[in-house]
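Undergrad: So that we are looking at the same thing, I have put the structure below in structure tokens.
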Amino acid sequence: MSENLPVNVDDTSAKGTITYANEVIATIVGVATSEVDGVAGMSGPSAISGILSGKAKSALLRGVKVEVGAEEVTVDVSIVVDYGMPIQVVGQNVQENIRKSVESMTGLHVISVDVHVMGVSFEKENKELQQSQEMARLQAQVEAKVAEETAAPGEGAQEDESPKA
């Protein structure tokens with residue numbers, strides 16, 4: 001029966017303890033967040049203060065705040081969502097992925113995952129629009145080149161025939 005109980009990381013019968021630096025948990029949170037479809041990026045006050053103080057954090061740690069206890073952790077994460085994605089679904093998926101990742105990798109119990117949506121990104125739509133415009137421009141160039149090449153031999157043949165006549 002006791003084999004289904006959670007593992008206590010501060011067990012006195014163990015030969016030591018396991019502790020986690022906040023950055024380790026924050027990195028796990030950052031990776032788990034970036035894996036969720038619909039998350040354009042991570043952002044938040046911690047990212048801005050890090051840039052202003054000259055201590056720019058990696059992209060995975062931006063917008064992540066964790067509080068680690070002996071056996072539990074709480075998480076705050078600030079995200080930017082892709083335009084057109086259902087924000088509530090993206091937020092719930094972020095919460096679930098963070099909870100699963102942290103608990104499976106550390107054995108710590110995740111008490112709460114607070115997701116703060118800081119913005120909506122139109123970058124994906126802009127990129128798709130730019131790609132379609134670029135394809136149209138390239139196709140127009142190809143068609144103009146083909147038209148130019150097919151017109152050139154015809155003009156040359158007519159000029160060659162004119163002096164003979």
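Labeling convention for the structure tokens: chains A, B, ... as they appear, residues from 1 per chain, ligands from 1 in order of appearance.
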Within 10 Å of Met105 of chain A, counting only C-alpha atoms, which residues show up once you throw out same-chain ones fewer than 4 positions away? Write them as number ranges by chain, please.
TA: A: 25, 28, 100-101
Undergrad: Restricting it to C-alpha atoms, dump the selection as a PDB file, in the first residue's frame.
TA:
```
ATOM      1  CA  ILE A  25      12.658  24.562 -12.240  1.00  0.00           C
ATOM      2  CA  ILE A  28      11.824  23.055 -17.062  1.00  0.00           C
ATOM      3  CA  LYS A 100       3.414  17.100 -15.913  1.00  0.00           C
ATOM      4  CA  SER A 101       6.980  18.141 -16.766  1.00  0.00           C
TER       5      SER A 101
END
```
Undergrad: I want to know what sits within 12 Å of Gly69 of chain A, based on only C-alpha atoms, with residues of the same chain fewer than 3 positions away left out; could you give that as a count of residues only?
TA: 17
Undergrad: Figure out the distance between atom CA of Val89 of chain A and atom CA of Glu35 of chain A, please, to one decimal in Å.
TA: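 Taking atom CA of Glu35 of chain A and atom CA of Val89 of chain A, their separation equals 14.1 Å.
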Undergrad: What's the 10 Å shell around Ala40 of chain A, counting only C-alpha atoms, without same-chain residues fewer than 3 positions away, as a PyMOL selection string?
TA: chain A and resi 33-34+36-37+43+79-83+119-124
